[in-house]
>>> print(open('coords-v3.cif').read())   # mmCIF, C-alpha atoms
data_work
#
loop_
_atom_site.label_atom_id
_atom_site.label_comp_id
_atom_site.auth_asym_id
_atom_site.auth_seq_id
_atom_site.Cartn_x
_atom_site.Cartn_y
_atom_site.Cartn_z
CA MET A 1 10.46 -46.27 -27.20
CA SER A 2 7.98 -48.95 -28.10
CA GLU A 3 4.53 -47.84 -29.10
CA ARG A 4 1.32 -49.20 -27.77
CA LYS A 5 -2.12 -48.74 -29.31
CA SER A 6 -3.47 -45.31 -28.62
CA ALA A 7 -6.83 -44.97 -26.95
CA GLU A 8 -9.65 -45.21 -29.43
CA VAL A 9 -12.11 -42.93 -27.76
CA ASP A 10 -14.43 -42.80 -30.74
CA GLY A 11 -14.69 -46.56 -30.97
CA LEU A 12 -16.03 -46.91 -27.45
CA VAL A 13 -19.59 -47.28 -26.38
CA HIS A 14 -20.50 -44.67 -23.77
CA PRO A 15 -24.01 -45.47 -22.74
CA GLU A 16 -25.77 -43.32 -20.21
CA LEU A 17 -25.27 -44.26 -16.64
CA ALA A 18 -28.91 -43.66 -15.81
CA GLY A 19 -30.23 -46.34 -13.52
CA VAL A 20 -26.80 -47.31 -12.27
CA THR A 21 -26.25 -46.43 -8.67
CA VAL A 22 -22.71 -45.73 -7.64
CA VAL A 23 -22.83 -44.66 -4.07
CA GLU A 24 -19.82 -44.08 -1.96
CA GLU A 25 -20.18 -44.00 1.74
CA SER A 26 -17.06 -43.50 3.66
CA GLY A 27 -16.49 -42.71 7.24
CA GLY A 28 -15.15 -44.19 10.37
CA ASP A 29 -17.58 -47.08 10.28
CA ILE A 30 -15.78 -49.61 8.11
CA SER A 31 -18.65 -52.04 7.77
CA ARG A 32 -20.84 -49.42 6.11
CA GLY A 33 -18.41 -47.88 3.73
CA GLU A 34 -18.86 -49.47 0.32
CA VAL A 35 -19.14 -48.39 -3.26
CA ILE A 36 -22.29 -50.07 -4.41
CA LEU A 37 -21.18 -51.32 -7.75
CA LYS A 38 -23.75 -54.07 -7.97
CA GLY A 39 -25.93 -51.91 -10.18
CA ALA A 40 -23.00 -51.37 -12.51
CA LEU A 41 -22.06 -55.03 -12.51
CA ALA A 42 -25.62 -56.05 -13.27
CA ALA A 43 -25.73 -53.54 -16.07
CA GLY A 44 -22.39 -54.81 -17.30
CA ALA A 45 -23.88 -55.91 -20.55
CA VAL A 46 -24.41 -52.31 -21.51
CA TYR A 47 -20.78 -51.42 -21.26
CA GLY A 48 -19.21 -53.71 -23.79
CA THR A 49 -16.12 -55.41 -22.52
CA LEU A 50 -15.80 -53.78 -19.17
CA MET A 51 -17.58 -54.43 -15.91
CA VAL A 52 -16.03 -51.37 -14.40
CA ALA A 53 -16.90 -48.94 -17.13
CA PRO A 54 -18.49 -46.29 -14.89
CA PHE A 55 -14.98 -45.52 -13.80
CA VAL A 56 -13.34 -46.41 -17.09
CA LYS A 57 -15.35 -43.86 -19.04
CA SER A 58 -13.34 -41.10 -17.44
CA ALA A 59 -10.10 -42.84 -18.23
CA PHE A 60 -10.08 -41.47 -21.76
CA ALA A 61 -10.15 -37.91 -20.60
CA MET A 62 -6.85 -37.07 -22.16
CA GLY A 63 -8.21 -37.53 -25.66
CA GLY A 64 -6.37 -38.48 -28.82
CA GLY A 65 -4.38 -35.29 -29.14
CA THR A 66 -2.51 -35.47 -25.85
CA SER A 67 1.15 -36.40 -26.04
CA ASP A 68 3.06 -38.40 -23.48
CA ILE A 69 4.90 -35.21 -22.59
CA ASP A 70 1.59 -33.45 -21.95
CA ILE A 71 0.48 -36.30 -19.72
CA LEU A 72 3.76 -36.29 -17.84
CA ASN A 73 3.47 -32.55 -17.32
CA PHE A 74 -0.07 -33.02 -16.03
CA ALA A 75 1.30 -35.54 -13.55
CA LEU A 76 4.21 -33.26 -12.71
CA THR A 77 1.84 -30.48 -11.70
CA LEU A 78 0.23 -32.82 -9.20
CA GLU A 79 3.54 -34.03 -7.92
CA TYR A 80 4.71 -30.43 -7.44
CA LEU A 81 1.58 -29.89 -5.38
CA GLU A 82 2.07 -32.98 -3.23
CA SER A 83 5.78 -32.43 -2.81
CA THR A 84 5.33 -28.82 -1.70
CA PHE A 85 2.44 -29.81 0.54
CA TYR A 86 4.42 -32.45 2.41
CA GLU A 87 7.61 -30.41 2.62
CA GLU A 88 5.64 -27.65 4.31
CA ALA A 89 3.81 -30.17 6.48
CA LYS A 90 7.07 -31.42 7.95
CA LYS A 91 7.40 -28.02 9.57
CA ARG A 92 3.75 -27.04 10.02
CA VAL A 93 2.18 -30.23 11.36
CA LYS A 94 2.70 -31.18 14.99
CA ALA A 95 2.79 -34.88 14.32
CA SER A 96 3.54 -37.71 16.64
CA GLY A 97 3.66 -41.47 16.43
CA GLU A 98 2.95 -43.04 13.07
CA LEU A 99 2.19 -39.77 11.31
CA LYS A 100 5.48 -38.32 12.45
CA ALA A 101 7.29 -41.25 10.82
CA LEU A 102 5.07 -41.10 7.74
CA LEU A 103 5.58 -37.43 6.85
CA PRO A 104 9.24 -37.57 5.79
CA LEU A 105 8.51 -40.71 3.75
CA LEU A 106 5.65 -39.05 1.93
CA ALA A 107 7.69 -35.92 1.28
CA SER A 108 10.63 -37.91 0.03
CA ASP A 109 8.52 -40.05 -2.30
CA GLU A 110 6.80 -37.06 -3.90
CA LYS A 111 10.11 -35.27 -4.30
CA GLN A 112 11.47 -38.30 -6.12
CA HIS A 113 8.38 -38.37 -8.31
CA VAL A 114 8.94 -34.72 -9.22
CA GLU A 115 12.55 -35.43 -10.13
CA ALA A 116 11.67 -38.52 -12.13
CA LEU A 117 8.96 -36.76 -14.12
CA GLU A 118 11.10 -33.68 -14.78
CA GLY A 119 13.90 -35.95 -15.93
CA THR A 120 11.66 -38.05 -18.14
CA ILE A 121 10.08 -35.02 -19.80
CA LYS A 122 13.50 -33.62 -20.59
CA LYS A 123 14.71 -36.99 -21.84
CA LEU A 124 11.75 -37.05 -24.23
CA GLY A 125 12.75 -33.64 -25.51
CA GLY A 126 10.03 -31.74 -23.70
CA LYS A 127 9.96 -28.88 -21.24
CA PRO A 128 8.73 -29.51 -17.69
CA VAL A 129 5.98 -27.14 -16.60
CA ALA A 130 7.00 -24.44 -14.19
CA LYS A 131 6.36 -25.22 -10.55
CA PRO A 132 3.27 -23.31 -9.44
CA LYS A 133 3.01 -21.36 -6.21
CA PHE A 134 0.73 -23.10 -3.76
CA ASP A 135 -1.28 -22.06 -0.72
CA PHE A 136 -2.43 -24.80 1.62
CA GLU A 137 -4.79 -23.65 4.32
CA TYR A 138 -5.14 -25.82 7.36
CA ASP A 139 -5.00 -25.08 11.08
CA ASP A 140 -4.34 -28.45 12.59
CA THR A 141 -3.43 -32.05 11.98
CA ALA A 142 -7.01 -32.92 11.14
CA GLY A 143 -7.08 -30.24 8.47
CA PHE A 144 -3.79 -31.45 7.08
CA LEU A 145 -4.98 -35.04 6.92
CA LYS A 146 -8.16 -34.05 5.13
CA LEU A 147 -6.17 -32.30 2.41
CA ALA A 148 -3.63 -35.10 2.22
CA GLU A 149 -6.40 -37.61 1.68
CA THR A 150 -7.89 -35.51 -1.12
CA PHE A 151 -4.54 -35.05 -2.82
CA GLU A 152 -3.53 -38.70 -2.69
CA ASP A 153 -6.92 -40.01 -3.83
CA THR A 154 -6.99 -37.40 -6.60
CA GLY A 155 -3.48 -38.40 -7.63
CA VAL A 156 -4.50 -42.03 -7.97
CA GLY A 157 -7.53 -41.05 -10.02
CA ALA A 158 -5.47 -38.73 -12.20
CA TYR A 159 -2.86 -41.34 -13.07
CA ASN A 160 -5.48 -44.04 -13.61
CA GLY A 161 -7.41 -41.64 -15.81
CA ALA A 162 -4.47 -40.59 -17.92
CA ALA A 163 -2.62 -43.88 -18.22
CA PRO A 164 -4.68 -45.52 -20.98
CA SER A 165 -3.78 -42.58 -23.23
CA ILE A 166 -0.05 -42.99 -22.77
CA ARG A 167 1.60 -44.13 -25.99
CA SER A 168 4.99 -45.31 -24.80
CA LYS A 169 5.23 -48.58 -22.89
CA GLU A 170 8.11 -47.26 -20.87
CA VAL A 171 6.24 -44.15 -19.81
CA LEU A 172 3.23 -46.28 -18.95
CA GLY A 173 5.38 -48.53 -16.80
CA ALA A 174 6.75 -45.50 -15.02
CA ALA A 175 3.28 -44.07 -14.44
CA GLY A 176 2.13 -47.41 -13.07
CA SER A 177 5.07 -47.54 -10.74
CA ILE A 178 4.22 -44.08 -9.39
CA VAL A 179 0.46 -44.55 -9.09
CA GLN A 180 0.95 -47.66 -7.00
CA VAL A 181 2.93 -45.60 -4.52
CA GLU A 182 0.29 -42.86 -4.52
CA ALA A 183 -2.30 -45.50 -3.70
CA ARG A 184 -0.14 -46.76 -0.86
CA HIS A 185 0.12 -43.21 0.41
CA ALA A 186 -3.61 -42.77 0.11
CA ALA A 187 -4.30 -45.83 2.23
CA ALA A 188 -1.80 -44.79 4.89
CA ILE A 189 -3.22 -41.27 5.13
CA ARG A 190 -6.76 -42.60 5.29
CA LEU A 191 -5.79 -44.87 8.18
CA GLN A 192 -4.35 -41.87 10.00
CA ASN A 193 -7.58 -40.04 9.28
CA GLY A 194 -9.78 -42.79 10.66
CA GLN A 195 -11.08 -43.47 7.15
CA GLU A 196 -11.37 -46.67 5.16
CA PRO A 197 -8.06 -47.25 3.39
CA ALA A 198 -9.71 -48.85 0.37
CA PRO A 199 -13.26 -47.50 0.22
CA SER A 200 -13.99 -49.07 -3.16
CA ALA A 201 -13.04 -52.30 -4.93
CA PHE A 202 -12.22 -50.21 -8.00
CA ASP A 203 -10.40 -46.89 -7.86
CA PRO A 204 -12.16 -44.36 -10.07
CA ALA A 205 -10.31 -42.83 -13.00
CA LEU A 206 -10.61 -39.07 -13.00
CA GLU A 207 -10.91 -36.80 -15.99
CA GLU A 208 -8.22 -34.18 -16.37
CA LYS A 209 -10.87 -31.48 -15.92
CA ALA A 210 -11.96 -32.93 -12.59
CA VAL A 211 -8.38 -33.21 -11.37
CA LEU A 212 -7.50 -29.66 -12.30
CA LYS A 213 -10.70 -28.45 -10.64
CA ALA A 214 -9.74 -30.25 -7.45
CA VAL A 215 -6.27 -28.71 -7.30
CA GLU A 216 -7.03 -25.24 -8.64
CA PRO A 217 -8.02 -23.82 -5.23
CA PHE A 218 -4.50 -24.43 -3.98
CA ILE A 219 -2.63 -22.73 -6.78
CA VAL A 220 -1.99 -19.03 -6.33
CA MET B 1 -10.27 -46.61 15.32
CA PRO B 2 -9.27 -44.19 18.05
CA ASP B 3 -10.09 -40.63 17.16
CA LEU B 4 -7.34 -38.54 15.71
CA ASP B 5 -6.83 -36.14 18.60
CA GLU B 6 -6.39 -39.01 21.01
CA ARG B 7 -3.87 -40.60 18.73
CA SER B 8 -1.91 -37.46 18.15
CA LYS B 9 -1.57 -36.97 21.90
CA ARG B 10 0.41 -40.16 22.26
CA THR B 11 4.08 -39.61 22.73
CA SER B 12 5.20 -43.07 21.73
CA PRO B 13 4.26 -44.86 18.49
CA PRO B 14 0.74 -46.17 19.04
CA GLU B 15 0.17 -49.90 19.07
CA ARG B 16 -2.10 -49.86 16.09
CA SER B 17 -3.40 -53.33 16.63
CA ALA B 18 -2.98 -56.70 18.21
CA ILE B 19 -1.28 -57.74 14.99
CA ALA B 20 1.25 -54.97 15.42
CA ARG B 21 2.02 -56.07 18.95
CA LEU B 22 2.57 -59.62 17.79
CA ALA B 23 4.55 -58.46 14.78
CA ARG B 24 6.89 -56.18 16.67
CA ASP B 25 9.82 -58.32 15.72
CA PRO B 26 13.11 -56.48 15.17
CA VAL B 27 14.19 -58.90 12.46
CA SER B 28 11.14 -58.32 10.27
CA ARG B 29 11.27 -54.58 10.77
CA ARG B 30 14.86 -54.39 9.65
CA ARG B 31 14.09 -56.51 6.64
CA PHE B 32 11.09 -54.55 5.52
CA MET B 33 11.60 -50.96 6.55
CA ALA B 34 12.37 -48.83 3.52
CA VAL B 35 16.10 -48.67 3.87
CA GLY B 36 16.89 -47.57 0.38
CA GLY B 37 16.12 -50.94 -1.14
CA GLY B 38 13.80 -49.26 -3.56
CA THR B 39 14.20 -48.60 -7.23
CA SER B 40 16.58 -45.74 -7.67
CA LEU B 41 15.77 -42.69 -9.71
CA ALA B 42 18.51 -43.57 -12.17
CA ALA B 43 17.04 -46.99 -12.80
CA PHE B 44 13.61 -45.41 -13.22
CA LEU B 45 14.88 -42.98 -15.85
CA ALA B 46 16.84 -45.72 -17.56
CA ALA B 47 13.62 -47.65 -17.98
CA CYS B 48 12.01 -44.63 -19.61
CA GLY B 49 14.92 -44.20 -21.93
CA GLY B 50 14.97 -47.84 -22.88
CA GLY B 51 18.47 -48.12 -21.53
CA GLY B 52 20.08 -51.19 -20.00
CA GLY B 53 19.23 -50.41 -16.44
CA SER B 54 19.87 -52.43 -13.34
CA THR B 55 18.68 -55.87 -12.40
CA THR B 56 15.63 -54.29 -10.85
CA MET B 57 14.65 -52.83 -14.16
CA ALA B 58 15.48 -56.07 -16.00
CA THR B 59 12.30 -57.56 -14.58
CA GLN B 60 10.39 -54.50 -15.62
CA LYS B 61 11.73 -54.70 -19.15
CA GLU B 62 10.76 -58.36 -19.31
CA SER B 63 7.29 -57.40 -18.30
CA MET B 64 7.22 -54.61 -20.82
CA GLY B 65 5.88 -56.79 -23.58
CA GLY B 66 8.98 -57.81 -25.40
CA LYS B 67 8.82 -60.01 -28.47
CA GLY B 68 8.16 -63.72 -28.19
CA GLU B 69 5.56 -65.72 -26.35
CA SER B 70 3.54 -63.83 -23.82
CA GLU B 71 4.23 -64.59 -20.18
CA THR B 72 0.57 -65.30 -19.63
CA ALA B 73 0.10 -67.59 -22.65
CA GLU B 74 -0.79 -70.53 -20.40
CA PHE B 75 -3.82 -68.53 -19.25
CA GLY B 76 -5.01 -67.59 -22.70
CA GLU B 77 -4.24 -65.33 -25.60
CA GLY B 78 -3.41 -61.66 -25.30
CA ASP B 79 -5.54 -59.67 -22.91
CA ILE B 80 -7.66 -62.71 -22.06
CA GLY B 81 -4.54 -64.45 -20.81
CA ILE B 82 -3.60 -61.46 -18.69
CA LEU B 83 -7.10 -61.17 -17.27
CA ASN B 84 -7.19 -64.88 -16.45
CA TYR B 85 -3.81 -64.63 -14.76
CA ALA B 86 -5.15 -61.76 -12.67
CA LEU B 87 -8.36 -63.72 -12.06
CA THR B 88 -6.36 -66.65 -10.73
CA LEU B 89 -4.65 -64.37 -8.23
CA GLU B 90 -7.95 -62.77 -7.25
CA TYR B 91 -9.46 -66.22 -6.64
CA LEU B 92 -6.55 -66.98 -4.34
CA GLU B 93 -7.00 -63.76 -2.45
CA THR B 94 -10.75 -64.18 -2.14
CA VAL B 95 -10.51 -67.70 -0.77
CA PHE B 96 -7.68 -66.71 1.53
CA TYR B 97 -9.68 -63.88 3.09
CA GLU B 98 -12.77 -66.06 3.39
CA GLU B 99 -10.78 -68.60 5.36
CA VAL B 100 -9.06 -65.95 7.44
CA VAL B 101 -12.39 -64.43 8.42
CA LYS B 102 -13.77 -67.85 9.33
CA SER B 103 -10.67 -68.79 11.30
CA GLY B 104 -11.65 -66.69 14.30
CA LEU B 105 -8.08 -65.45 14.60
CA PHE B 106 -9.13 -61.83 14.24
CA LYS B 107 -11.63 -59.58 15.93
CA GLY B 108 -12.94 -56.05 15.93
CA GLU B 109 -11.34 -53.52 13.59
CA GLU B 110 -8.82 -55.92 12.10
CA LEU B 111 -11.54 -58.41 11.29
CA ALA B 112 -13.57 -55.65 9.66
CA VAL B 113 -10.64 -54.65 7.47
CA LEU B 114 -9.98 -58.23 6.41
CA LYS B 115 -13.67 -58.79 5.66
CA LYS B 116 -13.78 -55.64 3.58
CA PHE B 117 -10.68 -56.55 1.61
CA GLY B 118 -12.05 -60.03 0.98
CA ALA B 119 -15.28 -58.54 -0.32
CA GLU B 120 -13.32 -56.32 -2.66
CA GLU B 121 -11.29 -59.24 -3.99
CA ALA B 122 -14.58 -61.03 -4.65
CA GLU B 123 -15.71 -58.02 -6.68
CA HIS B 124 -12.46 -58.23 -8.63
CA VAL B 125 -13.20 -61.88 -9.38
CA GLU B 126 -16.64 -60.96 -10.70
CA ALA B 127 -15.33 -58.12 -12.83
CA LEU B 128 -12.41 -60.06 -14.29
CA SER B 129 -14.33 -63.23 -15.11
CA GLY B 130 -17.13 -61.15 -16.58
CA THR B 131 -14.66 -59.27 -18.73
CA VAL B 132 -13.03 -62.47 -19.97
CA LYS B 133 -16.44 -63.76 -21.00
CA LYS B 134 -17.29 -60.51 -22.74
CA LEU B 135 -14.06 -60.81 -24.70
CA GLY B 136 -15.15 -64.27 -25.82
CA GLY B 137 -12.78 -66.15 -23.57
CA LYS B 138 -13.19 -68.79 -20.90
CA PRO B 139 -12.55 -67.59 -17.35
CA ALA B 140 -9.81 -69.43 -15.50
CA ALA B 141 -11.03 -72.03 -13.05
CA ARG B 142 -10.93 -71.34 -9.34
CA PRO B 143 -7.83 -73.15 -8.10
CA LYS B 144 -7.93 -75.52 -5.16
CA THR B 145 -6.03 -73.92 -2.36
CA GLU B 146 -4.65 -74.56 1.07
CA PHE B 147 -3.48 -71.75 3.26
CA PRO B 148 -1.67 -72.11 6.57
CA LEU B 149 -3.78 -70.46 9.26
CA LYS B 150 -1.69 -71.03 12.34
CA ASP B 151 -1.88 -67.74 14.21
CA ALA B 152 -2.83 -64.11 13.70
CA LYS B 153 0.72 -62.91 13.15
CA SER B 154 1.67 -65.40 10.43
CA VAL B 155 -1.70 -65.01 8.73
CA ALA B 156 -1.38 -61.22 8.70
CA GLU B 157 2.12 -61.56 7.29
CA LEU B 158 0.82 -63.87 4.58
CA ALA B 159 -1.93 -61.38 3.75
CA GLY B 160 0.68 -58.68 3.45
CA THR B 161 2.85 -60.83 1.22
CA VAL B 162 -0.05 -61.75 -1.05
CA GLU B 163 -1.33 -58.18 -1.40
CA ASN B 164 2.09 -56.73 -2.12
CA LEU B 165 2.67 -59.50 -4.63
CA GLY B 166 -0.72 -58.87 -6.23
CA ALA B 167 0.02 -55.20 -6.70
CA ALA B 168 3.38 -56.05 -8.26
CA ALA B 169 1.72 -58.62 -10.51
CA TYR B 170 -0.74 -56.07 -11.92
CA LEU B 171 2.05 -53.56 -12.41
CA GLY B 172 4.05 -56.23 -14.17
CA GLN B 173 1.32 -56.75 -16.74
CA ALA B 174 0.18 -53.18 -17.31
CA THR B 175 2.46 -52.65 -20.28
CA ASN B 176 1.45 -55.99 -21.87
CA ILE B 177 -2.24 -55.14 -22.05
CA GLU B 178 -3.38 -54.28 -25.56
CA SER B 179 -6.83 -52.83 -25.01
CA PRO B 180 -7.03 -49.39 -23.35
CA GLU B 181 -10.31 -50.45 -21.77
CA VAL B 182 -8.79 -53.56 -20.22
CA LEU B 183 -5.85 -51.44 -19.10
CA ALA B 184 -8.15 -48.96 -17.41
CA ALA B 185 -9.88 -51.77 -15.56
CA ALA B 186 -6.59 -53.37 -14.53
CA LEU B 187 -5.29 -50.05 -13.22
CA SER B 188 -8.44 -49.44 -11.22
CA ILE B 189 -7.84 -52.77 -9.50
CA HIS B 190 -4.05 -52.40 -9.25
CA SER B 191 -4.29 -49.29 -7.09
CA VAL B 192 -6.77 -50.97 -4.77
CA GLU B 193 -4.39 -53.89 -4.26
CA ALA B 194 -1.79 -51.26 -3.42
CA ARG B 195 -4.13 -49.80 -0.80
CA HIS B 196 -4.60 -53.26 0.64
CA ALA B 197 -0.86 -53.85 0.71
CA ALA B 198 -0.14 -50.57 2.43
CA THR B 199 -2.83 -51.26 5.01
CA LEU B 200 -1.50 -54.70 5.84
CA ASN B 201 2.00 -53.31 6.00
CA THR B 202 0.80 -50.63 8.39
CA LEU B 203 -0.94 -53.19 10.59
CA LEU B 204 2.27 -55.21 10.64
CA GLY B 205 4.43 -52.22 11.48
CA LEU B 206 6.18 -52.47 8.12
CA SER B 207 6.94 -49.76 5.56
CA ILE B 208 4.00 -48.79 3.37
CA THR B 209 6.41 -48.60 0.43
CA PRO B 210 8.75 -51.60 0.61
CA ASN B 211 10.30 -50.62 -2.71
CA GLY B 212 10.54 -46.91 -2.02
CA ALA B 213 9.11 -44.13 -4.18
CA PHE B 214 8.68 -46.34 -7.24
CA ALA B 215 6.80 -49.60 -6.99
CA ALA B 216 8.42 -52.61 -8.59
CA PRO B 217 6.65 -54.89 -11.05
CA ALA B 218 6.82 -58.65 -10.67
CA ASP B 219 6.87 -61.04 -13.62
CA VAL B 220 4.56 -64.03 -13.98
CA LYS B 221 7.24 -66.56 -13.08
CA THR B 222 8.00 -64.83 -9.80
CA VAL B 223 4.35 -64.44 -8.88
CA LEU B 224 3.34 -67.99 -9.68
CA LYS B 225 6.34 -69.35 -7.84
CA SER B 226 5.31 -67.39 -4.75
CA VAL B 227 1.72 -68.66 -4.78
CA GLU B 228 2.54 -72.21 -5.86
CA PRO B 229 2.77 -73.46 -2.24
CA PHE B 230 -0.88 -72.57 -1.71
CA ILE B 231 -2.28 -74.27 -4.79
CA VAL B 232 -3.06 -77.93 -4.30
CA GLY B 233 -4.27 -80.80 -6.47
#
>>> encode(input="coords-v3.cif", output="structure tokens")
Amino acid sequence: MSERKSAEVDGLVHPELAGVTVVEESGGDISRGEVILKGALAAGAVYGTLMVAPFVKSAFAMGGGTSDIDILNFALTLEYLESTFYEEAKKRVKASGELKALLPLLASDEKQHVEALEGTIKKLGGKPVAKPKFDFEYDDTAGFLKLAETFEDTGVGAYNGAAPSIRSKEVLGAAGSIVQVEARHAAAIRLQNGQEPAPSAFDPALEEKAVLKAVEPFIV
Amino acid sequence: MPDLDERSKRTSPPERSAIARLARDPVSRRRFMAVGGGTSLAAFLAACGGGGGSTTMATQKESMGGKGESETAEFGEGDIGILNYALTLEYLETVFYEEVVKSGLFKGEELAVLKKFGAEEAEHVEALSGTVKKLGGKPAARPKTEFPLKDAKSVAELAGTVENLGAAAYLGQATNIESPEVLAAALSIHSVEARHAATLNTLLGLSITPNGAFAAPADVKTVLKSVEPFIVG
């Protein structure tokens, strides 16, 4: 596999974000929901090459010591969660209309992601993490949609956060191919939920810690 | 948008929007619904193993930074070239949405969505041109464009085409980017274009994942060829 430059965390400037306002308002009112990045853009000079550094800072969460296999296993954990979640939802959620058509598609996509990641890890000579046991608590469609939105948005953030640390071009390409689908899912779920499909012009990268914190409550 | 409970009570697929009513065209639905036209798992794994792969993956391998002149050389060197290529596309999208909003073809919720997406593309323009400057490069010029704005249906379809293409374009360049910082920025935009694409597809009654579980990259030649009709002068 061809190598790409590994993330040089130490070489980056990480100035304080004090004075930069990143406010996210989301809700049913589309005209109001906006991430106010203007502060960040104005302060762009502080961040070296990037105008979107408030989000980029988290993108190096994986650190220099994380292997591609580790990253793939991190992704696999999330995909296990999503796959299990949607498989269950097919039976648990009384869906109609668009959501009814969407559920099998979501479940199928996540299942394929699980298979692809497991296969890739093995191909690289690694061992896929064991599938955790999950517990998803929701009473109705609204509850389901709320969780689905969290999972999909978190998935996008997780992939975007981990990707710059991936060493292999091929693995990076694969991760990009998956994250795009997660983002598509996220938008579709948000529309079902009466939320803005694309609340921000830039999707935040999430640190591994933050991702694991978000999914921990659902692992038993 | 109608509240969730109301929507879930419907027994037939809800008419999401006026666009959807106009777009309810059996031919388009057949063409675009995810009927297994997506990248197969085998092809996906082949890409990861560096194997030959199918035609679908051939494009991906081309975009995976092989030796020789960079695809985006006409836009500049290295990452600057990639950023300027992206910037060119973002200019197109920004202008397109501006014109669509002004056209009066859309109202209410749909108009709000299109306005919002246009505003986000404008933010992408700012971020990309700013980044090019920071890297010591010259931002690409805003191209002169002409978009057909005949009716709501064809405009919505064009928006969907452009957004899906944009997402594929970013994906196509991800593995060519040298700087992890530039990559992080590109990815944070790439997923938003994907959100846009899925939204337009939903409004049009098309599949949110036209290529199935694994999104397909598009190479520079394909992308530029697709947008060529809209660049004038």
>>> closest_atom_pairs(input="coords-v3.cif", of="chain B", to="chain A", cutoff="6 Å", atoms="all atoms listed in the file", output="Markdown table")
| residue | atom | partner | partner_atom | distance |
| --- | --- | --- | --- | --- |
| B:Ser8 | CA | A:Ser96 | CA | 5.7 |
| B:Ser12 | CA | A:Gly97 | CA | 5.7 |
| B:Pro13 | CA | A:Gly97 | CA | 4.0 |
| B:Cys48 | CA | A:Glu170 | CA | 4.9 |
| B:Glu120 | CA | A:Ala201 | CA | 4.6 |
| B:Ala127 | CA | A:Met51 | CA | 5.3 |
| B:Thr131 | CA | A:Thr49 | CA | 5.6 |
| B:Lys134 | CA | A:Thr49 | CA | 5.2 |
| B:Thr175 | CA | A:Lys169 | CA | 5.6 |
| B:Pro180 | CA | A:Pro164 | CA | 5.1 |
| B:Ala184 | CA | A:Val56 | CA | 5.8 |
| B:Ser188 | CA | A:Asp203 | CA | 4.7 |
| B:Ile189 | CA | A:Phe202 | CA | 5.3 |
| B:Ser191 | CA | A:Ala183 | CA | 5.5 |
| B:Ala194 | CA | A:Arg184 | CA | 5.4 |
| B:Arg195 | CA | A:Ala187 | CA | 5.0 |
| B:Ala198 | CA | A:Arg184 | CA | 5.0 |
| B:Ala213 | CA | A:Asp109 | CA | 4.5 |
| B:Phe214 | CA | A:Ser177 | CA | 5.2 |
| B:Ala215 | CA | A:Ser177 | CA | 4.6 |
>>> write_last_selection(input="coords-v3.cif", atoms="C-alpha atoms", output="compact mmCIF listing (two decimals), in the coordinates of the input")
# COMPACT_ATOMS: atom_id res chain seq x y z
CA SER B 8 -1.91 -37.46 18.15
CA SER B 12 5.20 -43.07 21.73
CA PRO B 13 4.26 -44.86 18.49
CA CYS B 48 12.01 -44.63 -19.61
CA GLU B 120 -13.32 -56.32 -2.66
CA ALA B 127 -15.33 -58.12 -12.83
CA THR B 131 -14.66 -59.27 -18.73
CA LYS B 134 -17.29 -60.51 -22.74
CA THR B 175 2.46 -52.65 -20.28
CA PRO B 180 -7.03 -49.39 -23.35
CA ALA B 184 -8.15 -48.96 -17.41
CA SER B 188 -8.44 -49.44 -11.22
CA ILE B 189 -7.84 -52.77 -9.50
CA SER B 191 -4.29 -49.29 -7.09
CA ALA B 194 -1.79 -51.26 -3.42
CA ARG B 195 -4.13 -49.80 -0.80
CA ALA B 198 -0.14 -50.57 2.43
CA ALA B 213 9.11 -44.13 -4.18
CA PHE B 214 8.68 -46.34 -7.24
CA ALA B 215 6.80 -49.60 -6.99
>>> atom_distance(input="coords-v3.cif", atom1="atom CA of Glu163 of chain B", atom2="atom CA of Glu77 of chain B")
25.4 Å
>>> axis_aligned_box(input="coords-v3.cif", around="segment 212-229 of chain B", padding_each_side="4 Å", output="JSON")
{"center_x": 6.1, "center_y": -58.8, "center_z": -8.0, "size_x": 16.8, "size_y": 37.3, "size_z": 20.0}
>>> resolve_selection(input="coords-v3.cif", expression="the PyMOL selection byres ((chain A and resi 74) around 12)", output="ChimeraX atom specification")
/A:62,66-73,75-81,114,117-118,121,128-131,155,158-159,161-163,175,207-209,211-212,215
>>> resolve_selection(input="coords-v3.cif", expression="the PyMOL selection byres ((chain B and resi 168) around 12)", output="ChimeraX atom specification")
/A:173,176-177,179-181 /B:59-60,63,86,89,161-167,169-174,187,189-194,197,209-211,214-220,222-223
>>> resolve_selection(input="coords-v3.cif", expression="the PyMOL selection byres ((chain A and resi 92) around 12)", output="ChimeraX atom specification")
/A:84-91,93-95,100,103,136-141,143-144
>>> atom_distance(input="coords-v3.cif", atom1="atom CA of Lys138 of chain B", atom2="atom CA of His124 of chain B")
16.2 Å
>>> atom_distance(input="coords-v3.cif", atom1="atom CA of Phe134 of chain A", atom2="atom CA of Thr150 of chain A")
15.3 Å
>>> residues_near_point(input="coords-v3.cif", point="(-6.2, -61.2, -25.0)", cutoff="9 Å", atoms="only C-alpha atoms", output="number ranges by chain")
B: 76-83, 132, 135, 137, 177-179
